[in-house]
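Q: Please see the structure below; I have some questions.
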Amino acid sequence: MLLLLLGIIVLHVAVLVLLFVSTIVSQWMVGNGHATDLWQNCSTSSSGSIRHCFSSSTNEWLQSVQATMILSIIFSVMSLFLFFCQLFTLTKGGRFYITGFFQILAGLCVMSAASIYTVRHPEWHGNSDYAYGFAYILAWVAFPLALLSGVIYVILRKRE
């Protein structure tokens, strides 16, 4: 049982790290000496050092992506906190429904953010020389892991 709990905690922390990295790092869209993320657009020199950074567009869709990514982090942190609270207060045989619910919400929020970014990025960057960066891919990787973690929490029963 201890090994199972450790595995669940490691999975949850991995999801949290993926969510933080994908939200913070400036690599959602890359190409032509530019790197963009949810917060700023940066141009780089040929050596790879950053020259100029400007804040991102104030489009409503980009603000919704920012908000849902932040919500996914908040829900995941709340889920981890609730897991530890329930671990010590839940009766034997009880299930971690609240923890699983918040983790599934985190997964749905990151899916919504990545989906909106996928649909709307062509009108923001019409140039076909741009490609998705690793932070965008990490957001998509965090989505199924967060859902899996949430489902595991819902199925998990507390034992002595």
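Residues are named by chain letter and number: chains run A, B, ... in the order of the structure tokens, numbers start at 1 in each chain, and ligands are numbered from 1 in the order shown.
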Using DSSP assignments from the backbone, pull out every residue in region 21-81 of chain A that falls under helix (DSSP H, G or I) and give it to me as a list in words.
A: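 Filtering region 21-81 of chain A down to helix (DSSP H, G or I) leaves Val21, Ser22, Thr23, Ile24, Glu60, Trp61, Leu62, Gln63, Ser64, Val65, Gln66, Ala67, Thr68, Met69, Ile70, Leu71, Ser72, Ile73, Ile74, Phe75, Ser76, Val77, Met78, Ser79, Leu80 and Phe81 of chain A.
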Q: Write out the residues from the selection above, keeping N, CA, C and O atoms, as an mmCIF file, in the first residue's frame.
A:
data_model
loop_
_atom_site.group_PDB
_atom_site.id
_atom_site.type_symbol
_atom_site.label_atom_id
_atom_site.label_comp_id
_atom_site.auth_asym_id
_atom_site.auth_seq_id
_atom_site.Cartn_x
_atom_site.Cartn_y
_atom_site.Cartn_z
ATOM 1 N N VAL A 21 5.940 23.964 -15.817
ATOM 2 C CA VAL A 21 6.883 24.208 -16.909
ATOM 3 C C VAL A 21 6.150 24.688 -18.159
ATOM 4 O O VAL A 21 6.566 25.649 -18.805
ATOM 5 N N SER A 22 5.054 24.022 -18.501
ATOM 6 C CA SER A 22 4.355 24.408 -19.717
ATOM 7 C C SER A 22 3.723 25.795 -19.602
ATOM 8 O O SER A 22 3.557 26.476 -20.604
ATOM 9 N N THR A 23 3.398 26.225 -18.406
ATOM 10 C CA THR A 23 2.815 27.552 -18.229
ATOM 11 C C THR A 23 3.878 28.643 -18.211
ATOM 12 O O THR A 23 3.650 29.736 -18.730
ATOM 13 N N ILE A 24 5.036 28.362 -17.684
ATOM 14 C CA ILE A 24 6.045 29.396 -17.467
ATOM 15 C C ILE A 24 7.014 29.552 -18.643
ATOM 16 O O ILE A 24 7.376 30.665 -19.014
ATOM 17 N N GLU A 60 -8.663 37.952 -26.421
ATOM 18 C CA GLU A 60 -9.478 37.264 -25.417
ATOM 19 C C GLU A 60 -9.153 35.786 -25.361
ATOM 20 O O GLU A 60 -9.136 35.179 -24.295
ATOM 21 N N TRP A 61 -8.882 35.192 -26.519
ATOM 22 C CA TRP A 61 -8.607 33.756 -26.520
ATOM 23 C C TRP A 61 -7.292 33.454 -25.810
ATOM 24 O O TRP A 61 -7.183 32.446 -25.119
ATOM 25 N N LEU A 62 -6.292 34.336 -25.950
ATOM 26 C CA LEU A 62 -5.024 34.104 -25.267
ATOM 27 C C LEU A 62 -5.195 34.274 -23.762
ATOM 28 O O LEU A 62 -4.616 33.518 -22.978
ATOM 29 N N GLN A 63 -6.017 35.221 -23.360
ATOM 30 C CA GLN A 63 -6.285 35.390 -21.934
ATOM 31 C C GLN A 63 -7.045 34.189 -21.375
ATOM 32 O O GLN A 63 -6.830 33.800 -20.228
ATOM 33 N N SER A 64 -7.904 33.587 -22.182
ATOM 34 C CA SER A 64 -8.598 32.380 -21.699
ATOM 35 C C SER A 64 -7.627 31.210 -21.576
ATOM 36 O O SER A 64 -7.755 30.390 -20.674
ATOM 37 N N VAL A 65 -6.642 31.125 -22.473
ATOM 38 C CA VAL A 65 -5.614 30.084 -22.357
ATOM 39 C C VAL A 65 -4.794 30.306 -21.087
ATOM 40 O O VAL A 65 -4.530 29.359 -20.331
ATOM 41 N N GLN A 66 -4.409 31.560 -20.842
ATOM 42 C CA GLN A 66 -3.665 31.874 -19.620
ATOM 43 C C GLN A 66 -4.470 31.493 -18.379
ATOM 44 O O GLN A 66 -3.948 30.860 -17.454
ATOM 45 N N ALA A 67 -5.742 31.866 -18.369
ATOM 46 C CA ALA A 67 -6.587 31.597 -17.202
ATOM 47 C C ALA A 67 -6.778 30.102 -16.969
ATOM 48 O O ALA A 67 -6.695 29.625 -15.822
ATOM 49 N N THR A 68 -7.016 29.338 -18.035
ATOM 50 C CA THR A 68 -7.251 27.907 -17.833
ATOM 51 C C THR A 68 -5.966 27.170 -17.437
ATOM 52 O O THR A 68 -6.026 26.206 -16.671
ATOM 53 N N MET A 69 -4.820 27.631 -17.912
ATOM 54 C CA MET A 69 -3.562 27.008 -17.467
ATOM 55 C C MET A 69 -3.313 27.302 -15.983
ATOM 56 O O MET A 69 -2.895 26.421 -15.228
ATOM 57 N N ILE A 70 -3.593 28.529 -15.557
ATOM 58 C CA ILE A 70 -3.427 28.860 -14.139
ATOM 59 C C ILE A 70 -4.436 28.077 -13.300
ATOM 60 O O ILE A 70 -4.103 27.560 -12.228
ATOM 61 N N LEU A 71 -5.668 27.953 -13.784
ATOM 62 C CA LEU A 71 -6.663 27.158 -13.069
ATOM 63 C C LEU A 71 -6.246 25.695 -12.948
ATOM 64 O O LEU A 71 -6.465 25.063 -11.913
ATOM 65 N N SER A 72 -5.634 25.171 -14.000
ATOM 66 C CA SER A 72 -5.187 23.779 -13.928
ATOM 67 C C SER A 72 -4.128 23.598 -12.848
ATOM 68 O O SER A 72 -4.143 22.595 -12.123
ATOM 69 N N ILE A 73 -3.238 24.562 -12.710
ATOM 70 C CA ILE A 73 -2.222 24.485 -11.654
ATOM 71 C C ILE A 73 -2.890 24.588 -10.283
ATOM 72 O O ILE A 73 -2.579 23.817 -9.362
ATOM 73 N N ILE A 74 -3.815 25.524 -10.139
ATOM 74 C CA ILE A 74 -4.502 25.704 -8.857
ATOM 75 C C ILE A 74 -5.275 24.438 -8.474
ATOM 76 O O ILE A 74 -5.194 23.967 -7.334
ATOM 77 N N PHE A 75 -6.016 23.860 -9.424
ATOM 78 C CA PHE A 75 -6.779 22.644 -9.134
ATOM 79 C C PHE A 75 -5.865 21.482 -8.778
ATOM 80 O O PHE A 75 -6.178 20.686 -7.894
ATOM 81 N N SER A 76 -4.727 21.377 -9.444
ATOM 82 C CA SER A 76 -3.811 20.280 -9.156
ATOM 83 C C SER A 76 -3.162 20.434 -7.782
ATOM 84 O O SER A 76 -3.007 19.453 -7.047
ATOM 85 N N VAL A 77 -2.803 21.651 -7.422
ATOM 86 C CA VAL A 77 -2.231 21.898 -6.090
ATOM 87 C C VAL A 77 -3.281 21.623 -5.014
ATOM 88 O O VAL A 77 -2.990 20.984 -3.995
ATOM 89 N N MET A 78 -4.518 22.078 -5.266
ATOM 90 C CA MET A 78 -5.600 21.799 -4.316
ATOM 91 C C MET A 78 -5.831 20.301 -4.175
ATOM 92 O O MET A 78 -6.077 19.796 -3.074
ATOM 93 N N SER A 79 -5.750 19.594 -5.280
ATOM 94 C CA SER A 79 -5.949 18.154 -5.260
ATOM 95 C C SER A 79 -4.879 17.460 -4.416
ATOM 96 O O SER A 79 -5.190 16.560 -3.632
ATOM 97 N N LEU A 80 -3.637 17.872 -4.574
ATOM 98 C CA LEU A 80 -2.556 17.277 -3.773
ATOM 99 C C LEU A 80 -2.746 17.583 -2.291
ATOM 100 O O LEU A 80 -2.591 16.701 -1.436
ATOM 101 N N PHE A 81 -3.120 18.817 -1.988
ATOM 102 C CA PHE A 81 -3.375 19.197 -0.591
ATOM 103 C C PHE A 81 -4.542 18.394 -0.020
ATOM 104 O O PHE A 81 -4.465 17.867 1.097
#
Q: When you look at Ala135 (chain A) with a cut-off of 7 Å (counting only C-alpha atoms), what residues show up, excluding the ones that are within fewer than 2 positions of it in the same chain? I need them as an MDAnalysis selection string.
A: chainID A and resid 21:22 25 27:28 133 137:139
Q: Take the residues from that selection and put them in a file with all heavy atoms, as a PDB file, in the first residue's frame.
A:
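Writing the result to part.pdb gives the following:
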ATOM      1  N   VAL A  21       5.940  23.964 -15.817  1.00  0.00           N
ATOM      2  CA  VAL A  21       6.883  24.208 -16.909  1.00  0.00           C
ATOM      3  C   VAL A  21       6.150  24.688 -18.159  1.00  0.00           C
ATOM      4  O   VAL A  21       6.566  25.649 -18.805  1.00  0.00           O
ATOM      5  CB  VAL A  21       7.732  22.950 -17.205  1.00  0.00           C
ATOM      6  CG1 VAL A  21       8.523  23.105 -18.487  1.00  0.00           C
ATOM      7  CG2 VAL A  21       8.672  22.665 -16.042  1.00  0.00           C
ATOM      8  N   SER A  22       5.054  24.022 -18.501  1.00  0.00           N
ATOM      9  CA  SER A  22       4.355  24.408 -19.717  1.00  0.00           C
ATOM     10  C   SER A  22       3.723  25.795 -19.602  1.00  0.00           C
ATOM     11  O   SER A  22       3.557  26.476 -20.604  1.00  0.00           O
ATOM     12  CB  SER A  22       3.300  23.373 -20.086  1.00  0.00           C
ATOM     13  OG  SER A  22       2.301  23.314 -19.100  1.00  0.00           O
ATOM     14  N   VAL A  25       7.440  28.463 -19.246  1.00  0.00           N
ATOM     15  CA  VAL A  25       8.522  28.502 -20.236  1.00  0.00           C
ATOM     16  C   VAL A  25       8.052  29.126 -21.550  1.00  0.00           C
ATOM     17  O   VAL A  25       6.944  28.905 -22.002  1.00  0.00           O
ATOM     18  CB  VAL A  25       9.067  27.073 -20.469  1.00  0.00           C
ATOM     19  CG1 VAL A  25      10.094  27.046 -21.576  1.00  0.00           C
ATOM     20  CG2 VAL A  25       9.666  26.542 -19.195  1.00  0.00           C
ATOM     21  N   GLN A  27       8.173  28.662 -24.792  1.00  0.00           N
ATOM     22  CA  GLN A  27       8.398  27.772 -25.930  1.00  0.00           C
ATOM     23  C   GLN A  27       7.103  27.172 -26.454  1.00  0.00           C
ATOM     24  O   GLN A  27       7.074  26.020 -26.860  1.00  0.00           O
ATOM     25  CB  GLN A  27       9.360  26.649 -25.547  1.00  0.00           C
ATOM     26  CG  GLN A  27      10.769  27.087 -25.263  1.00  0.00           C
ATOM     27  CD  GLN A  27      11.510  27.500 -26.513  1.00  0.00           C
ATOM     28  OE1 GLN A  27      11.355  26.901 -27.571  1.00  0.00           O
ATOM     29  NE2 GLN A  27      12.307  28.537 -26.397  1.00  0.00           N
ATOM     30  N   TRP A  28       6.010  27.900 -26.466  1.00  0.00           N
ATOM     31  CA  TRP A  28       4.765  27.361 -27.013  1.00  0.00           C
ATOM     32  C   TRP A  28       4.790  27.378 -28.530  1.00  0.00           C
ATOM     33  O   TRP A  28       4.242  26.504 -29.176  1.00  0.00           O
ATOM     34  CB  TRP A  28       3.562  28.146 -26.481  1.00  0.00           C
ATOM     35  CG  TRP A  28       3.103  27.659 -25.143  1.00  0.00           C
ATOM     36  CD1 TRP A  28       3.810  27.685 -23.978  1.00  0.00           C
ATOM     37  CD2 TRP A  28       1.858  27.055 -24.831  1.00  0.00           C
ATOM     38  NE1 TRP A  28       3.070  27.143 -22.957  1.00  0.00           N
ATOM     39  CE2 TRP A  28       1.865  26.753 -23.454  1.00  0.00           C
ATOM     40  CE3 TRP A  28       0.721  26.745 -25.570  1.00  0.00           C
ATOM     41  CZ2 TRP A  28       0.797  26.155 -22.810  1.00  0.00           C
ATOM     42  CZ3 TRP A  28      -0.347  26.159 -24.923  1.00  0.00           C
ATOM     43  CH2 TRP A  28      -0.307  25.864 -23.562  1.00  0.00           C
ATOM     44  N   GLY A 133       6.314  24.474 -29.792  1.00  0.00           N
ATOM     45  CA  GLY A 133       7.481  24.245 -28.952  1.00  0.00           C
ATOM     46  C   GLY A 133       7.230  23.163 -27.915  1.00  0.00           C
ATOM     47  O   GLY A 133       6.143  22.594 -27.802  1.00  0.00           O
ATOM     48  N   ILE A 137       3.819  20.974 -26.084  1.00  0.00           N
ATOM     49  CA  ILE A 137       3.745  19.508 -26.066  1.00  0.00           C
ATOM     50  C   ILE A 137       3.642  18.994 -24.628  1.00  0.00           C
ATOM     51  O   ILE A 137       2.887  18.057 -24.347  1.00  0.00           O
ATOM     52  CB  ILE A 137       4.961  18.904 -26.802  1.00  0.00           C
ATOM     53  CG1 ILE A 137       4.891  19.289 -28.282  1.00  0.00           C
ATOM     54  CG2 ILE A 137       5.031  17.398 -26.634  1.00  0.00           C
ATOM     55  CD1 ILE A 137       6.147  19.033 -29.061  1.00  0.00           C
ATOM     56  N   LEU A 138       4.361  19.631 -23.707  1.00  0.00           N
ATOM     57  CA  LEU A 138       4.262  19.233 -22.294  1.00  0.00           C
ATOM     58  C   LEU A 138       2.866  19.458 -21.746  1.00  0.00           C
ATOM     59  O   LEU A 138       2.386  18.673 -20.914  1.00  0.00           O
ATOM     60  CB  LEU A 138       5.278  20.004 -21.448  1.00  0.00           C
ATOM     61  CG  LEU A 138       6.743  19.631 -21.622  1.00  0.00           C
ATOM     62  CD1 LEU A 138       7.617  20.478 -20.711  1.00  0.00           C
ATOM     63  CD2 LEU A 138       6.961  18.158 -21.363  1.00  0.00           C
ATOM     64  N   ALA A 139       2.191  20.505 -22.215  1.00  0.00           N
ATOM     65  CA  ALA A 139       0.813  20.737 -21.788  1.00  0.00           C
ATOM     66  C   ALA A 139      -0.079  19.593 -22.251  1.00  0.00           C
ATOM     67  O   ALA A 139      -0.928  19.099 -21.490  1.00  0.00           O
ATOM     68  CB  ALA A 139       0.303  22.066 -22.337  1.00  0.00           C
TER      69      ALA A 139
END
Q: Report, in Å to a single decimal, how far apart CA of Met29 (chain A) and CA of Tyr132 (chain A) are.
A: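 These atoms are spaced 4.5 Å apart.
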Q: Which residues in region 24-72 of chain A does DSSP call strand (DSSP E or B)? List them as a PyMOL selection string.
A: chain A and resi 29-31+34-36+40-44+50-55
Q: Find the residue from A:Ala35, A:Gly100, A:Ser112, A:Ser43 that sits nearest to Ile8 (chain A); use only C-alpha atoms when measuring.
A: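 Looking only at the distances to Ile8 (chain A), the closest residue turns out to be A:Gly100.
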Q: Please provide the set of residues having any atom within 10 Å of Leu147 (chain A), restricted to only C-alpha atoms, with same-chain residues fewer than 3 positions apart removed, written as a list of chain:residue names.
A: A:Val15, A:Gly100, A:Phe101, A:Phe102, A:Gln103, A:Ile104, A:Leu105, A:Ala106, A:Gly107, A:Leu108, A:Met111, A:Ala142, A:Phe143, A:Pro144, A:Gly150, A:Val151, A:Ile152, A:Tyr153
Q: Next, the residues of the selection above should be written as a compact mmCIF listing (two decimals), in the first residue's frame with all heavy atoms.
A:
# COMPACT_ATOMS: atom_id res chain seq x y z
N VAL A 15 2.82 15.57 -12.77
CA VAL A 15 1.80 16.39 -13.46
C VAL A 15 1.97 17.85 -13.08
O VAL A 15 1.91 18.74 -13.94
CB VAL A 15 0.38 15.88 -13.13
CG1 VAL A 15 -0.67 16.86 -13.59
CG2 VAL A 15 0.15 14.52 -13.74
N GLY A 100 -9.89 13.31 -6.52
CA GLY A 100 -10.00 12.92 -7.92
C GLY A 100 -10.75 13.94 -8.75
O GLY A 100 -10.38 14.22 -9.89
N PHE A 101 -11.80 14.52 -8.19
CA PHE A 101 -12.58 15.53 -8.89
C PHE A 101 -11.72 16.74 -9.26
O PHE A 101 -11.75 17.21 -10.41
CB PHE A 101 -13.78 15.96 -8.02
CG PHE A 101 -14.58 17.08 -8.60
CD1 PHE A 101 -15.41 16.88 -9.68
CD2 PHE A 101 -14.49 18.35 -8.06
CE1 PHE A 101 -16.14 17.92 -10.22
CE2 PHE A 101 -15.22 19.40 -8.58
CZ PHE A 101 -16.05 19.19 -9.67
N PHE A 102 -10.94 17.24 -8.30
CA PHE A 102 -10.10 18.40 -8.58
C PHE A 102 -8.98 18.07 -9.57
O PHE A 102 -8.60 18.91 -10.39
CB PHE A 102 -9.53 18.98 -7.29
CG PHE A 102 -10.48 19.90 -6.59
CD1 PHE A 102 -11.15 19.49 -5.45
CD2 PHE A 102 -10.73 21.17 -7.08
CE1 PHE A 102 -12.04 20.32 -4.82
CE2 PHE A 102 -11.62 22.01 -6.45
CZ PHE A 102 -12.28 21.59 -5.31
N GLN A 103 -8.45 16.86 -9.51
CA GLN A 103 -7.40 16.48 -10.45
C GLN A 103 -7.97 16.32 -11.87
O GLN A 103 -7.33 16.70 -12.85
CB GLN A 103 -6.70 15.20 -10.00
CG GLN A 103 -5.46 14.87 -10.76
CD GLN A 103 -4.33 15.87 -10.56
OE1 GLN A 103 -4.43 16.84 -9.83
NE2 GLN A 103 -3.23 15.63 -11.24
N ILE A 104 -9.18 15.78 -11.97
CA ILE A 104 -9.82 15.68 -13.29
C ILE A 104 -10.13 17.08 -13.82
O ILE A 104 -9.96 17.34 -15.02
CB ILE A 104 -11.08 14.79 -13.20
CG1 ILE A 104 -10.66 13.34 -12.99
CG2 ILE A 104 -11.95 14.92 -14.44
CD1 ILE A 104 -11.79 12.39 -12.68
N LEU A 105 -10.55 17.99 -12.95
CA LEU A 105 -10.76 19.38 -13.37
C LEU A 105 -9.46 20.00 -13.89
O LEU A 105 -9.48 20.75 -14.88
CB LEU A 105 -11.29 20.21 -12.21
CG LEU A 105 -12.78 20.25 -11.99
CD1 LEU A 105 -13.13 21.11 -10.79
CD2 LEU A 105 -13.51 20.73 -13.22
N ALA A 106 -8.35 19.71 -13.24
CA ALA A 106 -7.05 20.22 -13.71
C ALA A 106 -6.75 19.69 -15.10
O ALA A 106 -6.29 20.44 -15.98
CB ALA A 106 -5.94 19.83 -12.73
N GLY A 107 -7.01 18.42 -15.33
CA GLY A 107 -6.78 17.84 -16.66
C GLY A 107 -7.68 18.45 -17.71
O GLY A 107 -7.23 18.73 -18.84
N LEU A 108 -8.93 18.69 -17.38
CA LEU A 108 -9.84 19.30 -18.34
C LEU A 108 -9.46 20.75 -18.64
O LEU A 108 -9.61 21.22 -19.77
CB LEU A 108 -11.28 19.21 -17.83
CG LEU A 108 -11.85 17.80 -17.75
CD1 LEU A 108 -13.24 17.82 -17.14
CD2 LEU A 108 -11.86 17.14 -19.11
N MET A 111 -6.49 20.68 -20.99
CA MET A 111 -6.96 20.28 -22.32
C MET A 111 -7.66 21.45 -23.01
O MET A 111 -7.44 21.70 -24.20
CB MET A 111 -7.93 19.11 -22.23
CG MET A 111 -8.41 18.66 -23.58
SD MET A 111 -10.06 17.95 -23.62
CE MET A 111 -11.07 19.16 -22.87
N ALA A 142 0.62 16.59 -20.10
CA ALA A 142 0.05 16.72 -18.75
C ALA A 142 -1.44 16.38 -18.73
O ALA A 142 -1.94 15.91 -17.70
CB ALA A 142 0.26 18.15 -18.24
N PHE A 143 -2.13 16.59 -19.84
CA PHE A 143 -3.57 16.33 -19.88
C PHE A 143 -3.92 14.88 -19.57
O PHE A 143 -4.67 14.61 -18.62
CB PHE A 143 -4.13 16.80 -21.23
CG PHE A 143 -5.43 16.18 -21.62
CD1 PHE A 143 -6.56 16.35 -20.84
CD2 PHE A 143 -5.54 15.42 -22.77
CE1 PHE A 143 -7.77 15.77 -21.19
CE2 PHE A 143 -6.73 14.84 -23.14
CZ PHE A 143 -7.85 15.01 -22.34
N PRO A 144 -3.42 13.88 -20.31
CA PRO A 144 -3.82 12.50 -19.98
C PRO A 144 -3.27 12.03 -18.63
O PRO A 144 -3.91 11.23 -17.95
CB PRO A 144 -3.27 11.66 -21.13
CG PRO A 144 -2.20 12.47 -21.74
CD PRO A 144 -2.57 13.90 -21.50
N GLY A 150 -6.43 11.54 -11.70
CA GLY A 150 -7.75 11.78 -11.13
C GLY A 150 -8.59 10.52 -11.05
O GLY A 150 -9.26 10.27 -10.05
N VAL A 151 -8.54 9.70 -12.09
CA VAL A 151 -9.29 8.45 -12.09
C VAL A 151 -8.73 7.49 -11.03
O VAL A 151 -9.50 6.81 -10.34
CB VAL A 151 -9.27 7.81 -13.50
CG1 VAL A 151 -9.80 6.39 -13.47
CG2 VAL A 151 -10.07 8.66 -14.46
N ILE A 152 -7.43 7.46 -10.88
CA ILE A 152 -6.82 6.61 -9.85
C ILE A 152 -7.29 7.06 -8.47
O ILE A 152 -7.60 6.24 -7.61
CB ILE A 152 -5.28 6.63 -9.96
CG1 ILE A 152 -4.84 5.86 -11.19
CG2 ILE A 152 -4.63 6.05 -8.70
CD1 ILE A 152 -3.35 5.96 -11.49
N TYR A 153 -7.34 8.38 -8.24
CA TYR A 153 -7.83 8.87 -6.95
C TYR A 153 -9.26 8.46 -6.70
O TYR A 153 -9.63 8.11 -5.58
CB TYR A 153 -7.73 10.41 -6.87
CG TYR A 153 -6.34 10.92 -6.60
CD1 TYR A 153 -5.79 11.94 -7.37
CD2 TYR A 153 -5.58 10.43 -5.55
CE1 TYR A 153 -4.53 12.43 -7.13
CE2 TYR A 153 -4.31 10.92 -5.30
CZ TYR A 153 -3.80 11.93 -6.08
OH TYR A 153 -2.55 12.41 -5.82
Q: Here is a test: counting only C-alpha atoms, which residue of A:Tyr136, A:Asn59, A:Gly31, A:Leu145 is nearest to Arg120 (chain A)?
A: A:Asn59
